[in-house]
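Read through the structure below, which is laid out as structure tokens, and then see the notes.
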Amino acid sequence: MTAPLLRVYGVTMNFSGLRALNEVSFDMEEGAITGIIGPNGAGKSTLFNVIAGNFTPLPGKVIFGDRDITGFSPNMICRLGISRTYQSVRLFLGLSVLNNVKVSMLYGRGEDEIPAAKVEGEILAILESVHLDKSANKRAEELIPLDRKRLEIARALATNPRLLLLDEVVAGLTPTETLAMMESIQAINRRGITVLLVEHVMRAVMGLSHRIIVLHHGYKIAEGDPDSISKDQNVIQAYLGSYES
Amino acid sequence: MKPNTLILPVLIALLFLPLIPIDARNYLLQVLTFLFLNLVLAQSYDMVGGTMGYINLGHITFFGVGAYAFGILLNEGLPFVVSLPLAVVIVVIFAAIISYPFFRLRGAYFSLATFGLVKLMEYATINLSWLTGGSNGLKIEAADRTLQIYYLGLIVVVAVILCSWQIGRSRLGLAMKAIREDEGVARDFGVPTFKVKAQAIMISSIFPGIMGGLYTWQLNFIIPDDVFGLKLALTPIAMAMLGGSGLLIGPIIGAVFLYSVEEVIWTNLAHLQGAVLGLVIVLVGLFMPGGLARLALVERLLSRMGIHEEDK
């Protein structure tokens with residue numbers, strides 16, 4: 001077995017007395033899609049922000065490849081190969097679709113910087129893969145919500161990530177759009193990009209993930225493949241409550 | 001992306017300006033020289049204020065530091081060609097030093113702090129009288145250099161416009177715009193935000209630094225209240241905002257327009273001058289946040305002149 005791509009080890013995160021994460025540990029294999037689920041306030045987004053470098057866990061470690069990235073700044077982590085989307089879409093609204101992607105292509109890559117002459121072509125190729133090539137010269141604020149999510153994914157892909165963090169990427173989409181988005185995520189995964197998703201929509205997360213991690217009140221209460229998770233008593237209790245309480 | 005067609009007409013217009021002073025009266029020369037000063041201040045302010053979205057109310061301190069550094073160096077016996085570049089180096093170092101604490105702040109906090117810096121520098125200059133002459137001012141050897149100043153000013157105007165234009169097309173400029181739109185996201189996608197911000201303010205400090213030196217050279221005499229003055233601090237900002245912050249043509253339109261209005265008011269209603277400036281800032285902020293250059297009418301007019309510019 002190869003070494004895991006990402007190791008989250010004993011991560012604890014306190015916010016002035018509130019413990020959002022409690023010694024959460026898990027490994028992620030390269031090439032897999034892993035889903036994180038849990039009720040509201042379970043600590044999913046906090047965990048995301050720890051991995052992306054926005055928060056520094058205390059104590060705890062995040063190891064990416066063979067490197068301990070705990071405490072690295074977000075821009076360093078991005079250049080090392082972890083890229084993300086946001087729960088509530090955050091684009092450079094005043095900039096063109098093209099420039100939104102250009103920022104991350106020019107700054108978000110590590111050693112594999114691309115020659116200036118190729119930039120435009122690569123951007124258009126990425127935009128085409130998310131069906132946004134016709135909107136390249138629009139301002140990001142002119143896009144409809146689905147396209148905004150697509151642009152976030154395009155921007156994340158432009159850094160050539162090894163690990164892609166997707167935060168509630170199908171939330172708010174119609175059933176048809178959800179299906180289309182799920183297909184795009186699978187296509188991205190087939191290109192060899194490891195995906196970690198936080199998701200509320202069970203159909204999406206169960207359909208996509210090879211492995212699922214369940215958080216509840218900052219604790220990891222279950223981990224396994226989708227089938228075993230859907231039968232896990234702890235998980236059912238966390239979501240639906242139990243008779244005893 | 002379309003090439004920016006703006007640069008051509010602007011340069012052509014500027015090429016004609018050297019023809020004027022040959023037999024112009026001194027008054028016109030003075031007016032144009034001060035227009036150049038305002039143009040340079042407005043355009044360089046907008047690199048940080050418009051492109052990067054950090055309203056730097058202390059932009060004028062670069063001018064003041066340049067003015068004093070130049071004057072002091074010249075009085076030490078250094079020739080002009082050494083004093084001016086050296087003064088600019090000092091200004092850029094000053095910008096680098098202040099960028100460290102000031103860029104820990106964002107939004108209104110940054111603006112307020114930089115505004116405080118203007119007063120801080122004014123009082124520092126008054127109190128360091130062994131170096132600056134304090135409130136008595138700083139004198140350099142007097143001479144009439146009106147014509148040299150005019151041409152040097154013109155060169156700086158062209159330089160600052162070219163520099164802004166180049167920034168707008170560059171990787172650095174893109175990072176600056178990303179910071180303006182959402183600094184946190186820019187950081188998450190690999191932009192070294194602190195470094196970019198420091199670079200931006202250092203570049204923007206070069207031009208007011210040069211103009212500060214030229215100002216001293218022209219007037220032969222400066223006082224703290226003058227080069228760190230409130231009016232000089234706010235005018236370029238009002239010009240950039242009025243013309244259209246973030247667009248290359250914006251500060252140019254704003255500077256020419258507001259300076260013309262000012263000249264008329266100055267000769268007719270001098271006591272209203274400060275009030276007009278404040279009124280412009282308030283009214284633009286309330287009713288025309290995009291500035292003149294983004295008005296549909298002006299946009300049409302500009303595109304008919306072959307100037308088409310978008311900030312995105």
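Residue numbering restarts at 1 in every chain; chains get A, B, ... in the order shown in the structure tokens, and ligands count up from 1 in that same order.
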Nearby residues (only C-alpha atoms) at most 6 Å from Val24 (chain A), same-chain spacing under 4 positions excluded, as a PDB file with C-alpha atoms, in the first residue's frame:
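What follows is the written file result16.pdb:
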ATOM      1  CA  GLY A  10      -5.229  14.476  16.268  1.00  0.00           C
ATOM      2  CA  VAL A  11      -6.544  17.821  15.053  1.00  0.00           C
ATOM      3  CA  LYS A 220     -15.240  11.769  14.384  1.00  0.00           C
TER       4      LYS A 220
END
Per-residue nearest contacts region 125-208 of chain A to region 88-109 of chain A, cut-off 9 Å, using only C-alpha atoms, as a tab-separated table:
residue	atom	partner	partner_atom	distance
A:Ile126	CA	A:Val101	CA	8.6
A:Leu127	CA	A:Leu98	CA	8.1
A:Leu132	CA	A:Val97	CA	8.3
A:Asp133	CA	A:Leu98	CA	8.7
A:Ser135	CA	A:Val97	CA	6.8
A:Ala136	CA	A:Leu98	CA	4.9
A:Asn137	CA	A:Ser96	CA	5.5
A:Lys138	CA	A:Ser96	CA	5.3
A:Arg139	CA	A:Ser96	CA	4.1
A:Ala140	CA	A:Leu93	CA	4.8
A:Glu141	CA	A:Leu93	CA	4.8
A:Glu142	CA	A:Leu93	CA	8.3
A:Leu143	CA	A:Val97	CA	8.9
A:Pro145	CA	A:Val89	CA	8.6
A:Arg148	CA	A:Val89	CA	7.1
A:Lys149	CA	A:Val89	CA	6.6
A:Leu151	CA	A:Val97	CA	7.2
A:Glu152	CA	A:Leu91	CA	6.9
A:Ala154	CA	A:Val101	CA	6.6
A:Arg155	CA	A:Val101	CA	4.5
A:Ala156	CA	A:Ser104	CA	7.3
A:Leu157	CA	A:Met105	CA	8.6
A:Ala158	CA	A:Met105	CA	4.9
A:Thr159	CA	A:Arg109	CA	4.8
A:Asn160	CA	A:Arg109	CA	6.5
A:Pro161	CA	A:Arg109	CA	8.1
A:Asp167	CA	A:Ser88	CA	8.5
A:Glu168	CA	A:Ser88	CA	8.3
A:Val169	CA	A:Val89	CA	8.9
Hey, what's within 9 Å of Gln30 (chain B) if we count only C-alpha atoms and toss same-chain stuff fewer than 5 positions away? As a VMD selection string, please?
chain B and resid 35 146 150
Might you pull out every residue within 10 Å of Ala42 (chain A), with only C-alpha atoms counted and same-chain residues fewer than 2 positions away left off, and present them as a list in words?
Ala20, Leu21, Ile37, Gly38, Pro39, Asn40, Lys44, Ser45, Thr46, Leu47, Val214, Leu215, His216, His217, Gly218, Tyr219 and Lys220 of chain A
Distance filter 12 Å, only C-alpha atoms, chain B against chain A, as a compact mmCIF listing (two decimals) with N, CA and C atoms, in the first residue's frame:
# COMPACT_ATOMS: atom_id res chain seq x y z
N MET B 1 -7.31 38.97 -24.52
CA MET B 1 -7.64 40.33 -24.10
C MET B 1 -7.26 41.35 -25.16
N LYS B 2 -8.09 42.37 -25.28
CA LYS B 2 -7.81 43.40 -26.27
C LYS B 2 -6.67 44.29 -25.79
N THR B 51 -6.49 50.40 -8.07
CA THR B 51 -6.23 49.05 -8.55
C THR B 51 -6.28 48.04 -7.40
N GLY B 53 -7.43 48.80 -4.19
CA GLY B 53 -8.55 49.01 -3.29
C GLY B 53 -8.18 49.41 -1.87
N ARG B 169 -1.41 45.58 -16.96
CA ARG B 169 -1.29 44.40 -17.81
C ARG B 169 -0.47 43.29 -17.15
N SER B 170 0.14 43.60 -16.02
CA SER B 170 1.13 42.68 -15.47
C SER B 170 0.52 41.68 -14.50
N ARG B 171 1.35 40.70 -14.15
CA ARG B 171 0.98 39.69 -13.16
C ARG B 171 0.75 40.37 -11.81
N LEU B 172 1.64 41.32 -11.49
CA LEU B 172 1.50 42.04 -10.21
C LEU B 172 0.16 42.77 -10.16
N GLY B 173 -0.21 43.42 -11.28
CA GLY B 173 -1.46 44.16 -11.32
C GLY B 173 -2.66 43.26 -11.11
N LEU B 174 -2.58 42.07 -11.68
CA LEU B 174 -3.68 41.12 -11.52
C LEU B 174 -3.82 40.73 -10.04
N ALA B 175 -2.69 40.50 -9.40
CA ALA B 175 -2.73 40.18 -7.97
C ALA B 175 -3.30 41.34 -7.17
N MET B 176 -2.94 42.58 -7.57
CA MET B 176 -3.46 43.75 -6.87
C MET B 176 -4.98 43.83 -7.00
N LYS B 177 -5.47 43.55 -8.22
CA LYS B 177 -6.92 43.57 -8.42
C LYS B 177 -7.59 42.46 -7.62
N ALA B 178 -6.97 41.29 -7.57
CA ALA B 178 -7.53 40.18 -6.80
C ALA B 178 -7.62 40.56 -5.33
N ILE B 179 -6.60 41.27 -4.85
CA ILE B 179 -6.61 41.71 -3.45
C ILE B 179 -7.77 42.68 -3.22
N ARG B 180 -7.98 43.56 -4.19
CA ARG B 180 -9.10 44.50 -4.08
C ARG B 180 -10.43 43.75 -4.00
N GLU B 181 -10.58 42.72 -4.80
CA GLU B 181 -11.86 42.02 -4.86
C GLU B 181 -12.08 41.16 -3.62
N ASP B 182 -11.09 40.38 -3.22
CA ASP B 182 -11.23 39.56 -2.01
C ASP B 182 -9.84 39.08 -1.59
N GLU B 183 -9.32 39.77 -0.59
CA GLU B 183 -7.94 39.50 -0.20
C GLU B 183 -7.75 38.08 0.34
N GLY B 184 -8.77 37.60 1.09
CA GLY B 184 -8.66 36.26 1.66
C GLY B 184 -8.58 35.19 0.58
N VAL B 185 -9.41 35.34 -0.45
CA VAL B 185 -9.40 34.36 -1.54
C VAL B 185 -8.07 34.45 -2.30
N ALA B 186 -7.60 35.67 -2.53
CA ALA B 186 -6.32 35.83 -3.22
C ALA B 186 -5.23 35.05 -2.48
N ARG B 187 -5.23 35.16 -1.17
CA ARG B 187 -4.24 34.46 -0.35
C ARG B 187 -4.41 32.95 -0.46
N ASP B 188 -5.65 32.50 -0.45
CA ASP B 188 -5.91 31.06 -0.55
C ASP B 188 -5.45 30.49 -1.89
N PHE B 189 -5.34 31.35 -2.90
CA PHE B 189 -4.94 30.84 -4.20
C PHE B 189 -3.52 31.25 -4.56
N GLY B 190 -2.70 31.38 -3.54
CA GLY B 190 -1.27 31.48 -3.77
C GLY B 190 -0.70 32.88 -3.88
N VAL B 191 -1.54 33.93 -3.82
CA VAL B 191 -0.99 35.28 -3.92
C VAL B 191 -0.31 35.64 -2.60
N PRO B 192 0.99 35.96 -2.64
CA PRO B 192 1.65 36.40 -1.40
C PRO B 192 1.21 37.82 -1.09
N THR B 193 0.07 37.95 -0.44
CA THR B 193 -0.62 39.25 -0.37
C THR B 193 0.26 40.34 0.24
N PHE B 194 1.00 39.96 1.28
CA PHE B 194 1.78 41.00 1.95
C PHE B 194 2.86 41.57 1.04
N LYS B 195 3.52 40.66 0.33
CA LYS B 195 4.58 41.08 -0.59
C LYS B 195 4.00 41.94 -1.71
N VAL B 196 2.87 41.52 -2.26
CA VAL B 196 2.26 42.28 -3.35
C VAL B 196 1.88 43.68 -2.88
N GLY B 246 -9.47 53.22 -10.50
CA GLY B 246 -9.27 51.88 -11.05
C GLY B 246 -9.10 51.87 -12.56
N GLU B 310 -11.73 48.86 -19.80
CA GLU B 310 -12.57 48.22 -18.81
C GLU B 310 -11.70 47.72 -17.66
N ASP B 311 -12.23 47.78 -16.49
CA ASP B 311 -11.49 47.35 -15.32
C ASP B 311 -12.04 46.01 -14.86
N LYS B 312 -11.54 44.95 -15.44
CA LYS B 312 -12.05 43.66 -15.00
C LYS B 312 -11.05 42.54 -15.26
CA of Met28 (chain A) to CA of Ala3 (chain A), straight-line distance in Å:
9.2 Å
So that I can check the secondary structure, give me every residue of region 81-212 of chain B assigned alpha helix (DSSP H) by backbone DSSP, as a ChimeraX atom specification.
/B:81-102,107-127,129-132,146-169,171-188,193-212
Suppose we keep C-alpha atoms; can you now write the selection as a JSON list (two decimals), in the first residue's frame?
[["chain", "number", "residue", "atom", "x", "y", "z"],
["B", 81, "VAL", "CA", 21.31, 64.63, -10.46],
["B", 82, "VAL", "CA", 22.41, 62.81, -7.31],
["B", 83, "SER", "CA", 20.03, 64.39, -4.82],
["B", 84, "LEU", "CA", 16.86, 63.62, -6.71],
["B", 85, "PRO", "CA", 17.43, 59.86, -7.25],
["B", 86, "LEU", "CA", 18.73, 59.54, -3.71],
["B", 87, "ALA", "CA", 15.64, 61.31, -2.37],
["B", 88, "VAL", "CA", 13.46, 58.87, -4.31],
["B", 89, "VAL", "CA", 15.37, 55.94, -2.84],
["B", 90, "ILE", "CA", 14.71, 57.35, 0.63],
["B", 91, "VAL", "CA", 11.00, 57.70, -0.19],
["B", 92, "VAL", "CA", 10.79, 54.08, -1.38],
["B", 93, "ILE", "CA", 12.54, 52.88, 1.79],
["B", 94, "PHE", "CA", 10.10, 54.97, 3.80],
["B", 95, "ALA", "CA", 7.21, 53.32, 1.91],
["B", 96, "ALA", "CA", 8.66, 49.87, 2.60],
["B", 97, "ILE", "CA", 8.94, 50.64, 6.30],
["B", 98, "ILE", "CA", 5.40, 51.94, 6.68],
["B", 99, "SER", "CA", 3.95, 49.12, 4.60],
["B", 100, "TYR", "CA", 4.88, 46.66, 7.33],
["B", 101, "PRO", "CA", 2.63, 47.98, 10.11],
["B", 102, "PHE", "CA", 0.00, 49.62, 7.91],
["B", 107, "GLY", "CA", -10.47, 48.87, 4.89],
["B", 108, "ALA", "CA", -11.34, 51.94, 6.91],
["B", 109, "TYR", "CA", -8.70, 51.13, 9.53],
["B", 110, "PHE", "CA", -5.97, 51.31, 6.94],
["B", 111, "SER", "CA", -7.29, 54.63, 5.64],
["B", 112, "LEU", "CA", -7.55, 56.15, 9.09],
["B", 113, "ALA", "CA", -4.06, 55.06, 10.03],
["B", 114, "THR", "CA", -2.57, 56.46, 6.83],
["B", 115, "PHE", "CA", -4.44, 59.69, 7.45],
["B", 116, "GLY", "CA", -2.83, 59.86, 10.88],
["B", 117, "LEU", "CA", 0.52, 59.38, 9.20],
["B", 118, "VAL", "CA", 0.15, 62.70, 7.39],
["B", 119, "LYS", "CA", -0.13, 64.59, 10.66],
["B", 120, "LEU", "CA", 2.57, 62.47, 12.24],
["B", 121, "MET", "CA", 4.99, 63.36, 9.46],
["B", 122, "GLU", "CA", 4.06, 67.02, 9.64],
["B", 123, "TYR", "CA", 4.83, 67.21, 13.37],
["B", 124, "ALA", "CA", 7.91, 65.05, 13.04],
["B", 125, "THR", "CA", 9.21, 67.48, 10.43],
["B", 126, "ILE", "CA", 8.45, 70.45, 12.67],
["B", 127, "ASN", "CA", 10.19, 68.87, 15.66],
["B", 129, "SER", "CA", 14.34, 71.14, 13.34],
["B", 130, "TRP", "CA", 18.09, 70.35, 13.36],
["B", 131, "LEU", "CA", 17.48, 68.40, 10.15],
["B", 132, "THR", "CA", 14.50, 70.04, 8.51],
["B", 146, "THR", "CA", 10.37, 77.17, -14.10],
["B", 147, "LEU", "CA", 11.19, 75.84, -17.53],
["B", 148, "GLN", "CA", 13.28, 72.87, -16.34],
["B", 149, "ILE", "CA", 10.55, 71.97, -13.85],
["B", 150, "TYR", "CA", 7.96, 72.10, -16.58],
["B", 151, "TYR", "CA", 9.80, 69.63, -18.78],
["B", 152, "LEU", "CA", 10.83, 67.35, -15.94],
["B", 153, "GLY", "CA", 7.24, 67.35, -14.70],
["B", 154, "LEU", "CA", 6.02, 66.40, -18.15],
["B", 155, "ILE", "CA", 8.44, 63.49, -18.25],
["B", 156, "VAL", "CA", 7.20, 62.26, -14.87],
["B", 157, "VAL", "CA", 3.59, 62.52, -16.06],
["B", 158, "VAL", "CA", 4.36, 60.32, -19.06],
["B", 159, "ALA", "CA", 6.33, 57.94, -16.83],
["B", 160, "VAL", "CA", 3.55, 57.55, -14.28],
["B", 161, "ILE", "CA", 0.94, 56.87, -16.96],
["B", 162, "LEU", "CA", 3.18, 54.31, -18.64],
["B", 163, "CYS", "CA", 3.87, 52.68, -15.29],
["B", 164, "SER", "CA", 0.15, 52.47, -14.43],
["B", 165, "TRP", "CA", -0.54, 51.05, -17.84],
["B", 166, "GLN", "CA", 2.17, 48.44, -17.44],
["B", 167, "ILE", "CA", 0.90, 47.49, -13.98],
["B", 168, "GLY", "CA", -2.58, 47.05, -15.40],
["B", 169, "ARG", "CA", -1.29, 44.40, -17.81],
["B", 171, "ARG", "CA", 0.98, 39.69, -13.16],
["B", 172, "LEU", "CA", 1.50, 42.04, -10.21],
["B", 173, "GLY", "CA", -1.46, 44.16, -11.32],
["B", 174, "LEU", "CA", -3.68, 41.12, -11.52],
["B", 175, "ALA", "CA", -2.73, 40.18, -7.97],
["B", 176, "MET", "CA", -3.46, 43.75, -6.87],
["B", 177, "LYS", "CA", -6.92, 43.57, -8.42],
["B", 178, "ALA", "CA", -7.53, 40.18, -6.80],
["B", 179, "ILE", "CA", -6.61, 41.71, -3.45],
["B", 180, "ARG", "CA", -9.10, 44.50, -4.08],
["B", 181, "GLU", "CA", -11.86, 42.02, -4.86],
["B", 182, "ASP", "CA", -11.23, 39.56, -2.01],
["B", 183, "GLU", "CA", -7.94, 39.50, -0.20],
["B", 184, "GLY", "CA", -8.66, 36.26, 1.66],
["B", 185, "VAL", "CA", -9.40, 34.36, -1.54],
["B", 186, "ALA", "CA", -6.32, 35.83, -3.22],
["B", 187, "ARG", "CA", -4.24, 34.46, -0.35],
["B", 188, "ASP", "CA", -5.91, 31.06, -0.55],
["B", 193, "THR", "CA", -0.62, 39.25, -0.37],
["B", 194, "PHE", "CA", 1.78, 41.00, 1.95],
["B", 195, "LYS", "CA", 4.58, 41.08, -0.59],
["B", 196, "VAL", "CA", 2.26, 42.28, -3.35],
["B", 197, "LYS", "CA", 0.89, 45.07, -1.18],
["B", 198, "ALA", "CA", 4.39, 46.18, -0.18],
["B", 199, "GLN", "CA", 5.53, 46.17, -3.81],
["B", 200, "ALA", "CA", 2.49, 48.15, -4.89],
["B", 201, "ILE", "CA", 2.95, 50.90, -2.34],
["B", 202, "MET", "CA", 6.68, 51.11, -3.03],
["B", 203, "ILE", "CA", 6.06, 51.58, -6.75],
["B", 204, "SER", "CA", 3.33, 54.13, -6.07],
["B", 205, "SER", "CA", 5.69, 56.10, -3.80],
["B", 206, "ILE", "CA", 8.32, 56.67, -6.49],
["B", 207, "PHE", "CA", 6.35, 59.28, -8.41],
["B", 208, "PRO", "CA", 5.22, 61.54, -5.56],
["B", 209, "GLY", "CA", 8.81, 61.23, -4.33],
["B", 210, "ILE", "CA", 10.16, 62.69, -7.57],
["B", 211, "MET", "CA", 7.49, 65.40, -7.60],
["B", 212, "GLY", "CA", 8.37, 66.30, -4.02]]
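Of the residues under consideration (B:Ile249, B:Leu242, B:Ile223, B:Leu234), B:Leu234 shows the shortest atom-to-atom contact distance to Gly274 (chain B) when counting only C-alpha atoms.
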May I have the residues within 12 Å of Leu146 (chain A) as a PDB file with C-alpha atoms, in the first residue's frame, using only C-alpha atoms and disregarding those fewer than 6 positions away in the same chain?
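Result went into part_10.pdb, see below:
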ATOM      1  CA  VAL A  89     -19.199  31.125  -3.306  1.00  0.00           C
ATOM      2  CA  VAL A 130     -16.574  23.394 -16.938  1.00  0.00           C
ATOM      3  CA  HIS A 131     -18.635  24.825 -19.834  1.00  0.00           C
ATOM      4  CA  LEU A 132     -17.672  28.424 -19.165  1.00  0.00           C
ATOM      5  CA  ALA A 140     -17.908  37.070 -12.610  1.00  0.00           C
ATOM      6  CA  GLU A 152     -14.916  28.285  -8.447  1.00  0.00           C
ATOM      7  CA  ILE A 153     -14.034  24.781  -9.560  1.00  0.00           C
ATOM      8  CA  VAL A 169     -20.532  22.344  -4.037  1.00  0.00           C
ATOM      9  CA  VAL A 170     -24.022  21.072  -4.910  1.00  0.00           C
ATOM     10  CA  ALA A 171     -25.883  23.032  -2.229  1.00  0.00           C
ATOM     11  CA  GLY A 172     -28.644  25.141  -3.731  1.00  0.00           C
ATOM     12  CA  LEU A 173     -28.589  23.464  -7.131  1.00  0.00           C
ATOM     13  CA  THR A 174     -31.631  21.924  -8.818  1.00  0.00           C
ATOM     14  CA  PRO A 175     -31.725  18.099  -9.151  1.00  0.00           C
ATOM     15  CA  THR A 176     -30.612  18.242 -12.782  1.00  0.00           C
ATOM     16  CA  GLU A 177     -27.793  20.639 -11.984  1.00  0.00           C
ATOM     17  CA  THR A 178     -26.778  18.412  -9.076  1.00  0.00           C
ATOM     18  CA  ALA A 180     -24.349  17.471 -13.851  1.00  0.00           C
ATOM     19  CA  MET A 181     -22.126  18.682 -11.039  1.00  0.00           C
TER      20      MET A 181
END
